[in-house]
file structure-v6.csv (CSV, C-alpha atoms and all ligand atoms)
chain,number,residue,atom,x,y,z
A,255,MET,CA,148.3,45.2,56.9
A,256,ASN,CA,147.0,44.0,60.2
A,257,ASN,CA,148.3,44.3,63.8
A,258,VAL,CA,148.1,40.7,64.9
A,259,THR,CA,151.2,39.1,66.4
A,260,ILE,CA,152.2,35.7,65.1
A,261,LEU,CA,154.3,33.7,67.6
A,262,LYS,CA,156.5,30.7,66.8
A,263,ILE,CA,157.0,28.0,69.4
A,264,GLY,CA,159.0,25.1,68.0
A,265,GLU,CA,157.1,23.7,65.1
A,266,THR,CA,153.9,25.4,66.0
A,267,ILE,CA,152.8,29.0,65.3
A,268,ILE,CA,150.3,30.7,67.6
A,269,VAL,CA,148.1,33.6,66.5
A,270,PRO,CA,146.2,35.4,69.2
A,271,ILE,CA,143.6,37.7,67.6
A,272,GLN,CA,143.3,40.6,69.9
A,273,ILE,CA,141.6,43.2,67.7
A,274,ASP,CA,138.3,43.6,65.8
A,275,LEU,CA,139.2,42.5,62.3
A,276,HIS,CA,137.4,44.0,59.3
A,277,ASP,CA,137.2,41.8,56.2
A,278,ALA,CA,140.4,43.0,54.5
A,279,ALA,CA,142.3,42.7,57.7
A,280,ALA,CA,141.1,39.1,58.2
A,281,LYS,CA,142.2,38.2,54.6
A,282,SER,CA,145.6,39.8,55.1
A,283,LEU,CA,146.0,37.9,58.4
A,284,GLN,CA,145.2,34.7,56.6
A,285,GLU,CA,148.0,35.5,54.1
A,286,ASP,CA,150.5,36.3,56.8
A,287,ILE,CA,149.7,33.1,58.6
A,288,LEU,CA,150.2,31.0,55.5
A,289,LYS,CA,153.4,32.7,54.6
A,290,ARG,CA,154.7,32.1,58.0
A,291,ILE,CA,153.8,28.4,57.9
A,292,GLU,CA,155.7,28.2,54.6
A,293,LYS,CA,158.7,30.1,55.9
A,294,TYR,CA,159.1,28.0,59.1
A,295,GLY,CA,157.7,24.7,57.7
A,296,SER,CA,155.3,24.7,60.7
A,297,LYS,CA,153.5,21.5,61.6
A,298,GLY,CA,150.8,23.1,63.8
A,299,LEU,CA,148.7,26.3,63.9
A,300,ILE,CA,146.8,27.6,66.9
A,301,ILE,CA,144.5,30.5,66.3
A,302,ASP,CA,143.5,31.9,69.7
A,303,VAL,CA,140.0,33.6,69.4
A,304,SER,CA,139.4,34.0,73.1
A,305,ALA,CA,139.4,37.8,72.7
A,306,VAL,CA,137.2,37.7,69.6
A,307,GLU,CA,133.7,39.1,70.4
A,308,ILE,CA,132.0,38.0,67.3
A,309,ILE,CA,132.6,35.6,64.4
A,310,ASP,CA,130.3,36.3,61.5
A,311,SER,CA,130.1,34.5,58.1
A,312,PHE,CA,133.1,36.3,56.7
A,313,LEU,CA,135.5,35.6,59.5
A,314,GLY,CA,134.1,32.1,59.9
A,315,ARG,CA,134.8,31.3,56.3
A,316,VAL,CA,138.3,32.8,56.6
A,317,LEU,CA,139.0,30.5,59.6
A,318,VAL,CA,137.8,27.4,57.8
A,319,GLU,CA,139.7,28.3,54.6
A,320,THR,CA,142.9,29.1,56.5
A,321,SER,CA,142.8,25.7,58.2
A,322,LYS,CA,142.2,23.9,54.9
A,323,MET,CA,145.1,25.7,53.3
A,324,ALA,CA,147.4,25.1,56.3
A,325,LYS,CA,146.6,21.4,56.0
A,326,LEU,CA,147.7,21.4,52.4
A,327,MET,CA,150.9,23.0,53.5
A,328,GLY,CA,151.4,20.3,56.1
A,329,ALA,CA,150.1,22.0,59.3
A,330,ASP,CA,147.2,21.0,61.5
A,331,THR,CA,145.0,23.8,62.8
A,332,VAL,CA,143.3,24.2,66.2
A,333,ILE,CA,141.0,27.1,67.0
A,334,ALA,CA,141.4,27.9,70.7
A,335,GLY,CA,139.2,29.6,73.2
A,336,MET,CA,136.1,30.3,71.2
A,337,ARG,CA,133.6,32.0,73.6
A,338,LYS,CA,130.4,30.1,74.2
A,339,GLU,CA,128.3,33.0,73.0
A,340,VAL,CA,130.2,32.9,69.7
A,341,VAL,CA,129.7,29.1,69.4
A,342,LEU,CA,126.0,29.4,69.9
A,343,THR,CA,125.7,32.3,67.5
A,344,LEU,CA,127.5,30.4,64.8
A,345,LEU,CA,124.8,27.7,65.2
A,346,HIS,CA,122.0,30.2,64.7
A,347,LEU,CA,123.8,31.8,61.8
A,348,GLY,CA,123.9,28.4,60.1
A,349,LEU,CA,127.7,28.4,59.6
A,350,ALA,CA,129.1,24.9,59.5
A,351,MET,CA,132.6,25.1,60.9
A,352,GLY,CA,133.2,21.7,59.2
A,353,ASP,CA,135.9,19.7,60.8
A,354,LEU,CA,137.7,22.6,62.4
A,355,LYS,CA,139.3,21.3,65.6
A,356,THR,CA,138.7,23.4,68.6
A,357,ALA,CA,140.3,23.6,72.1
A,358,LEU,CA,139.4,25.4,75.3
A,359,ASN,CA,142.6,27.3,75.4
A,360,ILE,CA,146.1,27.4,73.8
A,361,GLU,CA,147.5,24.8,76.3
A,362,GLU,CA,144.8,22.3,75.3
A,363,GLY,CA,145.4,23.2,71.7
A,364,LEU,CA,149.1,22.3,72.0
A,365,VAL,CA,148.2,18.9,73.5
A,366,LEU,CA,145.7,18.2,70.6
A,367,LEU,CA,148.4,19.1,68.1
A,368,SER,CA,151.0,16.9,69.6
A,369,ARG,CA,148.6,14.0,69.6
A,370,GLN,CA,147.7,14.7,66.0
A,371,GLN,CA,151.3,14.9,65.0
A,372,GLY,CA,151.9,11.5,66.7
A,373,ARG,CA,149.1,10.1,64.6
A,374,ASN,CA,150.6,11.7,61.4
A,375,ASN,CA,154.0,10.2,62.1
A,376,GLU,CA,152.5,6.7,62.7
A,377,LYS,CA,150.8,7.0,59.3
A,378,SER,CA,154.0,7.9,57.6
A,379,ILE,CA,155.9,5.1,59.2
A,380,ARG,CA,153.4,2.5,58.1
B,122,MET,CA,102.5,48.6,69.8
B,123,LYS,CA,106.0,49.7,69.5
B,124,LYS,CA,107.1,53.3,70.2
B,125,VAL,CA,110.4,54.7,69.2
B,126,SER,CA,111.7,56.9,71.9
B,127,ASP,CA,112.4,60.4,70.8
B,128,SER,CA,116.1,60.2,70.9
B,129,LEU,CA,118.0,58.6,68.0
B,130,LYS,CA,121.0,56.8,69.6
B,131,ILE,CA,123.1,55.8,66.7
B,132,ASN,CA,123.3,57.2,63.2
B,133,VAL,CA,126.3,56.2,61.1
B,134,GLU,CA,127.0,56.5,57.4
B,135,VAL,CA,128.7,53.3,56.2
B,136,MET,CA,131.0,53.7,53.3
B,137,ASP,CA,133.7,51.1,54.0
B,138,GLN,CA,134.6,48.1,56.1
B,139,GLU,CA,136.0,50.2,58.9
B,140,ASP,CA,132.6,51.7,59.3
B,141,VAL,CA,131.1,48.3,59.8
B,142,ILE,CA,133.4,47.8,62.8
B,143,VAL,CA,132.3,51.2,64.2
B,144,VAL,CA,128.7,50.3,63.9
B,145,ARG,CA,129.3,46.9,65.6
B,146,GLN,CA,131.0,48.6,68.5
B,147,GLU,CA,128.4,51.3,68.9
B,148,ILE,CA,125.5,49.0,68.9
B,149,ARG,CA,127.2,46.6,71.3
B,150,GLN,CA,127.8,49.6,73.7
B,151,LEU,CA,124.2,50.7,73.4
B,152,MET,CA,122.9,47.2,74.2
B,153,ARG,CA,125.3,46.8,77.1
B,154,GLY,CA,124.0,50.1,78.5
B,155,LEU,CA,120.4,48.9,78.2
B,156,GLY,CA,121.2,45.7,80.1
B,157,PHE,CA,121.2,43.1,77.4
B,158,SER,CA,123.1,39.9,78.2
B,159,LEU,CA,126.4,39.0,76.6
B,160,MET,CA,124.6,36.3,74.7
B,161,ASP,CA,122.0,38.8,73.3
B,162,GLN,CA,124.8,41.3,72.5
B,163,THR,CA,126.7,38.6,70.6
B,164,ARG,CA,123.7,37.4,68.6
B,165,VAL,CA,122.5,40.8,67.6
B,166,VAL,CA,125.9,42.3,66.9
B,167,THR,CA,126.7,39.4,64.6
B,168,ALA,CA,123.5,40.1,62.7
B,169,VAL,CA,124.5,43.8,62.6
B,170,SER,CA,127.8,42.8,61.1
B,171,GLU,CA,126.1,40.8,58.4
B,172,LEU,CA,123.6,43.5,57.4
B,173,ALA,CA,126.2,46.3,57.5
B,174,ARG,CA,128.5,44.3,55.3
B,175,ASN,CA,125.7,43.7,52.9
B,176,ILE,CA,125.3,47.5,52.5
B,177,ILE,CA,129.0,47.8,51.6
B,178,VAL,CA,129.2,44.7,49.4
B,179,HIS,CA,125.9,44.8,47.6
B,180,ALA,CA,124.9,48.5,47.6
B,181,GLY,CA,128.2,50.4,48.0
B,182,GLN,CA,127.1,52.6,50.8
B,183,GLY,CA,124.3,53.4,53.2
B,184,ARG,CA,123.3,54.2,56.7
B,185,VAL,CA,122.8,52.4,60.0
B,186,GLU,CA,120.5,53.9,62.7
B,187,ALA,CA,119.7,52.5,66.1
B,188,TYR,CA,116.9,53.5,68.5
B,189,GLN,CA,115.8,52.4,71.9
B,190,VAL,CA,112.2,51.2,71.6
B,191,ILE,CA,109.5,50.6,74.1
B,192,ASP,CA,106.1,49.0,74.2
B,193,GLN,CA,103.7,48.5,77.1
B,194,HIS,CA,105.9,46.3,79.3
B,195,ARG,CA,109.3,46.0,77.7
B,196,ILE,CA,112.1,47.9,76.2
B,197,GLY,CA,114.3,46.9,73.3
B,198,ILE,CA,116.5,48.1,70.5
B,199,SER,CA,115.8,48.6,66.8
B,200,CYS,CA,118.5,48.9,64.1
B,201,ILE,CA,117.7,50.1,60.7
B,202,PHE,CA,119.9,49.5,57.7
B,203,THR,CA,119.1,51.6,54.6
B,204,ASP,CA,120.8,52.0,51.2
B,205,GLU,CA,120.0,53.3,47.8
B,206,GLY,CA,121.7,50.4,46.0
B,207,PRO,CA,120.3,48.1,43.3
B,208,GLY,CA,117.6,46.4,45.6
B,209,ILE,CA,116.9,42.7,45.8
B,210,HIS,CA,115.3,40.9,42.9
B,211,ASP,CA,113.7,38.1,45.0
B,212,VAL,CA,113.8,38.6,48.8
B,213,GLN,CA,112.5,35.1,49.6
B,214,LYS,CA,115.4,33.7,47.6
B,215,ALA,CA,117.9,36.0,49.1
B,216,LEU,CA,116.9,34.8,52.5
B,217,GLU,CA,117.6,31.1,51.7
B,218,PRO,CA,120.8,29.8,53.1
B,219,GLY,CA,123.5,29.6,50.4
B,220,PHE,CA,122.0,32.1,48.0
B,221,SER,CA,124.5,34.7,47.0
B,222,THR,CA,125.0,36.9,44.0
B,223,ALA,CA,128.5,37.7,45.2
B,224,ASN,CA,129.9,34.2,45.4
B,225,SER,CA,130.1,34.4,49.2
B,226,MET,CA,128.5,32.3,51.9
B,227,GLY,CA,125.0,33.5,51.3
B,228,ILE,CA,124.0,33.1,55.0
B,229,GLY,CA,124.1,36.7,56.1
B,230,LEU,CA,120.5,37.8,55.4
B,231,GLY,CA,118.8,34.6,56.5
B,232,GLY,CA,121.2,34.3,59.4
B,233,ALA,CA,120.4,37.9,60.6
B,234,LYS,CA,116.7,37.0,60.5
B,235,ASN,CA,117.4,33.9,62.7
B,236,LEU,CA,119.5,35.8,65.2
B,237,CYS,CA,117.0,38.5,66.2
B,238,ASN,CA,113.6,38.7,67.7
B,239,GLU,CA,112.1,40.6,64.8
B,240,PHE,CA,113.2,41.1,61.2
B,241,ASP,CA,111.7,43.1,58.5
B,242,ILE,CA,112.9,43.8,55.0
B,243,GLU,CA,111.7,46.1,52.2
B,244,SER,CA,113.5,46.2,48.9
B,245,ALA,CA,112.7,47.8,45.5
B,246,LEU,CA,114.7,47.2,42.4
B,247,GLY,CA,116.7,50.3,41.4
B,248,LYS,CA,115.6,52.1,44.6
B,249,GLY,CA,117.3,50.3,47.5
B,250,THR,CA,116.9,48.2,50.5
B,251,LYS,CA,115.8,48.7,54.1
B,252,VAL,CA,116.2,46.1,56.8
B,253,THR,CA,114.9,46.6,60.4
B,254,ILE,CA,115.8,44.3,63.2
B,255,THR,CA,114.4,44.5,66.8
B,256,GLU,CA,115.6,42.8,69.9
B,257,TRP,CA,113.6,42.9,73.2
B,258,LEU,CA,115.1,42.9,76.6
B,259,LYS,CA,113.9,39.8,78.5
A,401,LIG,N1,121.6,45.7,50.9
A,401,LIG,C1,121.5,44.9,49.8
A,401,LIG,N2,121.3,45.4,48.5
A,401,LIG,C2,121.2,44.6,47.5
A,401,LIG,N3,121.2,43.2,47.5
A,401,LIG,C3,121.4,42.7,48.7
A,401,LIG,C4,121.5,43.4,49.9
A,401,LIG,N4,121.6,42.6,51.0
A,401,LIG,C5,121.6,41.3,50.4
A,401,LIG,N5,121.4,41.4,49.1
A,401,LIG,C6,121.3,40.2,48.2
A,401,LIG,O1,120.9,39.1,48.9
A,401,LIG,C7,121.9,38.0,48.7
A,401,LIG,C8,122.1,37.2,50.0
A,401,LIG,O2,122.7,38.0,51.0
A,401,LIG,P1,123.5,37.3,52.1
A,401,LIG,O3,122.6,36.2,52.7
A,401,LIG,O4,124.0,38.3,53.1
A,401,LIG,O5,124.7,36.6,51.3
A,401,LIG,P2,126.0,37.2,50.7
A,401,LIG,O6,126.2,38.6,51.3
A,401,LIG,O7,127.1,36.2,51.2
A,401,LIG,O8,125.8,37.1,49.2
A,401,LIG,C9,123.1,38.8,48.3
A,401,LIG,O9,124.0,37.9,47.5
A,401,LIG,C10,122.5,39.9,47.4
A,401,LIG,O10,122.2,39.4,46.1
A,402,MG,MG,126.1,39.1,53.2

call {"tool": "encode", "arguments": {"input": "structure-v6.csv", "output": "C-alpha cells"}}
result
Amino acid sequence: MNNVTILKIGETIIVPIQIDLHDAAAKSLQEDILKRIEKYGSKGLIIDVSAVEIIDSFLGRVLVETSKMAKLMGADTVIAGMRKEVVLTLLHLGLAMGDLKTALNIEEGLVLLSRQQGRNNEKSIR
Amino acid sequence: MKKVSDSLKINVEVMDQEDVIVVRQEIRQLMRGLGFSLMDQTRVVTAVSELARNIIVHAGQGRVEAYQVIDQHRIGISCIFTDEGPGIHDVQKALEPGFSTANSMGIGLGGAKNLCNEFDIESALGKGTKVTITEWLK
C-alpha cells in the first residue's frame, strides 16, 4: 500500500510522488503504476519527482526498472522535475540512471512524450 | 581535533524501513538547524539513507546516533550507525562499487563514503559494524 495518486490524462499516466517512500512503498508504487499502464494501455508515463528530497540507490533502481518495464508494456517514461541537488547527489553516489529521459516539469514531459510517440508511429508506418 | 558537544541530538533504534525514514527526516532537520545548505543536506541524508538501510538489510537492526561536533574553527555533524549483525568479511571489497552480498546495487557503502567529508568504518565478523560519517559546515 502507498498513498501516491496516479492520474490519467488521455494515453498518459502521471504520478506525482509527494511523500517520503520507504523501500516497500516504492516497490508497491512500481506495481501500481505497471498495473495501471496495463489496464489503460497507456503510451506514456510521467513520474513527477519535484517533491522528492532524496533519491538513493534503492529508489533510483526502482525508477530505472519501472521505466524499463513500462517500455516493454509499450509506454515511454519521463522523470520530471528532479531537483538539482538530487541530480548532483546521484552523480556522487555513482548511480547511472541509464537512458532515463528527464524533463524540467510535467509540461515539458508531455511535450517530450508526444514527440517520442510521433517517432514511434513513424517507425511503425515504415 | 574533534570534540563532541555534550548533548546527543539524535538517537534512534532502527528496526524496519519506516525507521529509516524517521532517521532521514531527523538528521535533515538537525542539519537545517545548523545552517547546512540544501545541497549538503541532500548529499548527507542520501548517505544516511544508504547506511541505515544497510543496518536493516544486512544486520537486521541497530542504532543511529547523531551529534553536533566542533573543532577549533568549525562546526559539523557526526552520524554513527551501529549494529550487532554479522559484520563485513572484507571491508575494502564491500566499498567497491557493485559489490553486494544481497544482489542489490552494491553502491551504498562506497557511495556514502563519497558523499560525506569524513567516513570511518569498523567491522568485526560475528560482532557487528560501526560506520561514522562527519560533515563540516563550510
Ligand atoms: N551493516 C552491515 N552489516 C553487514 N554487512 C554489511 C553492512 N553494510 C554493508 N554490508 C556489506 O557490504 C556490502 C556492500 O554494501 P552496499 O554498498 O550498501 O551494497 P548493497 O547494500 O546494495 O549490498 C553488502 O552487500 C554487505 O555484504
Ligand atoms: Mg546498501

call {"tool": "closest_atom_pairs", "arguments": {"input": "structure-v6.csv", "of": "chain A", "to": "ligand LIG 401 (chain A)", "cutoff": "12 Å", "atoms": "all atoms listed in the file", "output": "tab-separated table"}}
result
residue	atom	partner	partner_atom	distance
A:Asp310	CA	A:LIG401	O4	10.7
A:Ser311	CA	A:LIG401	O7	7.7
A:Phe312	CA	A:LIG401	O7	8.1
A:Leu313	CA	A:LIG401	O7	11.8
A:Gly314	CA	A:LIG401	O7	11.9
A:Arg315	CA	A:LIG401	O7	10.5
A:Leu347	CA	A:LIG401	O3	10.2
A:Gly348	CA	A:LIG401	O3	10.8
A:Leu349	CA	A:LIG401	O7	11.5

call {"tool": "interface_residues", "arguments": {"input": "structure-v6.csv", "of": "chain A", "to": "chain B", "cutoff": "12 Å", "atoms": "only C-alpha atoms", "output": "ChimeraX atom specification"}}
result
/A:273-280,306-316,337-350

call {"tool": "atom_distance", "arguments": {"input": "structure-v6.csv", "atom1": "atom CA of B:Thr255", "atom2": "atom CA of B:Asn238"}}
result
5.9 Å

call {"tool": "atom_distance", "arguments": {"input": "structure-v6.csv", "atom1": "atom CA of A:Thr320", "atom2": "atom CA of A:Asp286"}}
result
10.5 Å

call {"tool": "atom_distance", "arguments": {"input": "structure-v6.csv", "atom1": "atom CA of B:Ala180", "atom2": "atom CA of B:Glu243"}}
result
14.2 Å

call {"tool": "closest_residue", "arguments": {"input": "structure-v6.csv", "among": "B:Ile196, B:Ile209, B:Ile177, B:Leu258", "to": "ligand MG 402 (chain A)", "atoms": "all atoms listed in the file"}}
result
B:Ile177

call {"tool": "closest_residue", "arguments": {"input": "structure-v6.csv", "among": "B:Gln189, B:Asn175, B:Ser244, B:Gln182", "to": "ligand MG 402 (chain A)", "atoms": "all atoms listed in the file"}}
result
B:Asn175

call {"tool": "residues_around", "arguments": {"input": "structure-v6.csv", "residues": "A:Asp353", "least_positions_apart": "3", "cutoff": "10 Å", "atoms": "only C-alpha atoms", "output": "CSV table (one decimal) with C-alpha atoms, keeping the file's coordinate frame"}}
result
chain,number,residue,atom,x,y,z
A,318,VAL,CA,137.8,27.4,57.8
A,321,SER,CA,142.8,25.7,58.2
A,322,LYS,CA,142.2,23.9,54.9
A,350,ALA,CA,129.1,24.9,59.5
A,356,THR,CA,138.7,23.4,68.6

call {"tool": "closest_residue", "arguments": {"input": "structure-v6.csv", "among": "B:Lys130, B:Arg184, B:Lys214, B:His179", "to": "ligand MG 402 (chain A)", "atoms": "all atoms listed in the file"}}
result
B:His179

call {"tool": "closest_residue", "arguments": {"input": "structure-v6.csv", "among": "B:Leu216, B:Ile191, B:Val185, B:Ile198", "to": "ligand MG 402 (chain A)", "atoms": "only C-alpha atoms and all ligand atoms"}}
result
B:Leu216

call {"tool": "residues_around", "arguments": {"input": "structure-v6.csv", "residues": "A:Asn359", "least_positions_apart": "6", "cutoff": "10 Å", "atoms": "all atoms listed in the file", "output": "list in words"}}
result
Ile300, Ile301, Asp302, Val303, Ser304, Val332, Ile333, Ala334, Gly335 and Met336 of chain A

call {"tool": "closest_residue", "arguments": {"input": "structure-v6.csv", "among": "A:Glu376, A:Glu265, A:Asp330, A:Glu361", "to": "A:Ser296", "atoms": "all atoms listed in the file"}}
result
A:Glu265

call {"tool": "decode", "arguments": {"input": "structure-v6.csv", "residues": "stretch 309-338 of chain A", "atoms": "N, CA and C atoms", "output": "PDB file, in the first residue's frame"}}
result
ATOM      1  N   ILE A 309      16.938  10.810  -3.679  1.00  0.00           N
ATOM      2  CA  ILE A 309      16.837   9.554  -4.422  1.00  0.00           C
ATOM      3  C   ILE A 309      18.108   8.777  -4.121  1.00  0.00           C
ATOM      4  N   ASP A 310      17.950   7.673  -3.406  1.00  0.00           N
ATOM      5  CA  ASP A 310      19.126   6.860  -3.080  1.00  0.00           C
ATOM      6  C   ASP A 310      19.180   5.665  -4.021  1.00  0.00           C
ATOM      7  N   SER A 311      20.085   4.711  -3.747  1.00  0.00           N
ATOM      8  CA  SER A 311      20.290   3.636  -4.724  1.00  0.00           C
ATOM      9  C   SER A 311      19.033   2.794  -4.885  1.00  0.00           C
ATOM     10  N   PHE A 312      18.248   2.663  -3.831  1.00  0.00           N
ATOM     11  CA  PHE A 312      17.051   1.824  -3.955  1.00  0.00           C
ATOM     12  C   PHE A 312      15.987   2.487  -4.823  1.00  0.00           C
ATOM     13  N   LEU A 313      15.646   3.717  -4.485  1.00  0.00           N
ATOM     14  CA  LEU A 313      14.615   4.414  -5.265  1.00  0.00           C
ATOM     15  C   LEU A 313      15.096   4.635  -6.700  1.00  0.00           C
ATOM     16  N   GLY A 314      16.389   4.928  -6.855  1.00  0.00           N
ATOM     17  CA  GLY A 314      16.946   5.113  -8.189  1.00  0.00           C
ATOM     18  C   GLY A 314      16.760   3.861  -9.033  1.00  0.00           C
ATOM     19  N   ARG A 315      17.055   2.708  -8.424  1.00  0.00           N
ATOM     20  CA  ARG A 315      16.900   1.466  -9.171  1.00  0.00           C
ATOM     21  C   ARG A 315      15.425   1.204  -9.507  1.00  0.00           C
ATOM     22  N   VAL A 316      14.539   1.508  -8.562  1.00  0.00           N
ATOM     23  CA  VAL A 316      13.111   1.309  -8.820  1.00  0.00           C
ATOM     24  C   VAL A 316      12.664   2.167 -10.012  1.00  0.00           C
ATOM     25  N   LEU A 317      13.148   3.407 -10.081  1.00  0.00           N
ATOM     26  CA  LEU A 317      12.764   4.285 -11.194  1.00  0.00           C
ATOM     27  C   LEU A 317      13.262   3.734 -12.529  1.00  0.00           C
ATOM     28  N   VAL A 318      14.525   3.302 -12.548  1.00  0.00           N
ATOM     29  CA  VAL A 318      15.097   2.756 -13.775  1.00  0.00           C
ATOM     30  C   VAL A 318      14.341   1.498 -14.214  1.00  0.00           C
ATOM     31  N   GLU A 319      14.094   0.601 -13.247  1.00  0.00           N
ATOM     32  CA  GLU A 319      13.376  -0.647 -13.554  1.00  0.00           C
ATOM     33  C   GLU A 319      11.958  -0.376 -14.052  1.00  0.00           C
ATOM     34  N   THR A 320      11.293   0.555 -13.379  1.00  0.00           N
ATOM     35  CA  THR A 320       9.912   0.856 -13.764  1.00  0.00           C
ATOM     36  C   THR A 320       9.865   1.323 -15.208  1.00  0.00           C
ATOM     37  N   SER A 321      10.832   2.171 -15.569  1.00  0.00           N
ATOM     38  CA  SER A 321      10.834   2.697 -16.929  1.00  0.00           C
ATOM     39  C   SER A 321      11.114   1.589 -17.946  1.00  0.00           C
ATOM     40  N   LYS A 322      12.008   0.661 -17.587  1.00  0.00           N
ATOM     41  CA  LYS A 322      12.287  -0.456 -18.497  1.00  0.00           C
ATOM     42  C   LYS A 322      11.053  -1.339 -18.680  1.00  0.00           C
ATOM     43  N   MET A 323      10.368  -1.614 -17.568  1.00  0.00           N
ATOM     44  CA  MET A 323       9.198  -2.486 -17.674  1.00  0.00           C
ATOM     45  C   MET A 323       8.063  -1.784 -18.404  1.00  0.00           C
ATOM     46  N   ALA A 324       7.917  -0.481 -18.146  1.00  0.00           N
ATOM     47  CA  ALA A 324       6.875   0.273 -18.842  1.00  0.00           C
ATOM     48  C   ALA A 324       7.123   0.207 -20.350  1.00  0.00           C
ATOM     49  N   LYS A 325       8.397   0.313 -20.729  1.00  0.00           N
ATOM     50  CA  LYS A 325       8.764   0.253 -22.156  1.00  0.00           C
ATOM     51  C   LYS A 325       8.321  -1.075 -22.770  1.00  0.00           C
ATOM     52  N   LEU A 326       8.571  -2.159 -22.022  1.00  0.00           N
ATOM     53  CA  LEU A 326       8.163  -3.479 -22.525  1.00  0.00           C
ATOM     54  C   LEU A 326       6.657  -3.566 -22.703  1.00  0.00           C
ATOM     55  N   MET A 327       5.939  -2.744 -21.901  1.00  0.00           N
ATOM     56  CA  MET A 327       4.474  -2.763 -21.996  1.00  0.00           C
ATOM     57  C   MET A 327       3.978  -1.712 -22.986  1.00  0.00           C
ATOM     58  N   GLY A 328       4.903  -1.023 -23.651  1.00  0.00           N
ATOM     59  CA  GLY A 328       4.502  -0.093 -24.698  1.00  0.00           C
ATOM     60  C   GLY A 328       4.387   1.361 -24.269  1.00  0.00           C
ATOM     61  N   ALA A 329       4.903   1.685 -23.062  1.00  0.00           N
ATOM     62  CA  ALA A 329       4.817   3.081 -22.608  1.00  0.00           C
ATOM     63  C   ALA A 329       6.213   3.670 -22.425  1.00  0.00           C
ATOM     64  N   ASP A 330       6.394   4.904 -22.900  1.00  0.00           N
ATOM     65  CA  ASP A 330       7.652   5.624 -22.684  1.00  0.00           C
ATOM     66  C   ASP A 330       7.577   6.394 -21.370  1.00  0.00           C
ATOM     67  N   THR A 331       8.718   6.457 -20.661  1.00  0.00           N
ATOM     68  CA  THR A 331       8.730   7.113 -19.352  1.00  0.00           C
ATOM     69  C   THR A 331       9.560   8.393 -19.372  1.00  0.00           C
ATOM     70  N   VAL A 332       9.064   9.400 -18.678  1.00  0.00           N
ATOM     71  CA  VAL A 332       9.849  10.614 -18.441  1.00  0.00           C
ATOM     72  C   VAL A 332       9.834  10.892 -16.938  1.00  0.00           C
ATOM     73  N   ILE A 333      11.012  11.165 -16.375  1.00  0.00           N
ATOM     74  CA  ILE A 333      11.105  11.563 -14.970  1.00  0.00           C
ATOM     75  C   ILE A 333      11.133  13.094 -14.957  1.00  0.00           C
ATOM     76  N   ALA A 334      10.152  13.696 -14.313  1.00  0.00           N
ATOM     77  CA  ALA A 334      10.029  15.156 -14.382  1.00  0.00           C
ATOM     78  C   ALA A 334      10.383  15.830 -13.060  1.00  0.00           C
ATOM     79  N   GLY A 335      11.078  16.941 -13.174  1.00  0.00           N
ATOM     80  CA  GLY A 335      11.252  17.831 -12.028  1.00  0.00           C
ATOM     81  C   GLY A 335      12.299  17.417 -11.011  1.00  0.00           C
ATOM     82  N   MET A 336      13.259  16.600 -11.425  1.00  0.00           N
ATOM     83  CA  MET A 336      14.264  16.171 -10.454  1.00  0.00           C
ATOM     84  C   MET A 336      15.060  17.390  -9.959  1.00  0.00           C
ATOM     85  N   ARG A 337      15.161  17.549  -8.651  1.00  0.00           N
ATOM     86  CA  ARG A 337      15.869  18.707  -8.090  1.00  0.00           C
ATOM     87  C   ARG A 337      17.355  18.647  -8.423  1.00  0.00           C
ATOM     88  N   LYS A 338      17.966  19.808  -8.568  1.00  0.00           N
ATOM     89  CA  LYS A 338      19.371  19.799  -8.982  1.00  0.00           C
ATOM     90  C   LYS A 338      20.261  19.161  -7.914  1.00  0.00           C
TER      91      LYS A 338
END
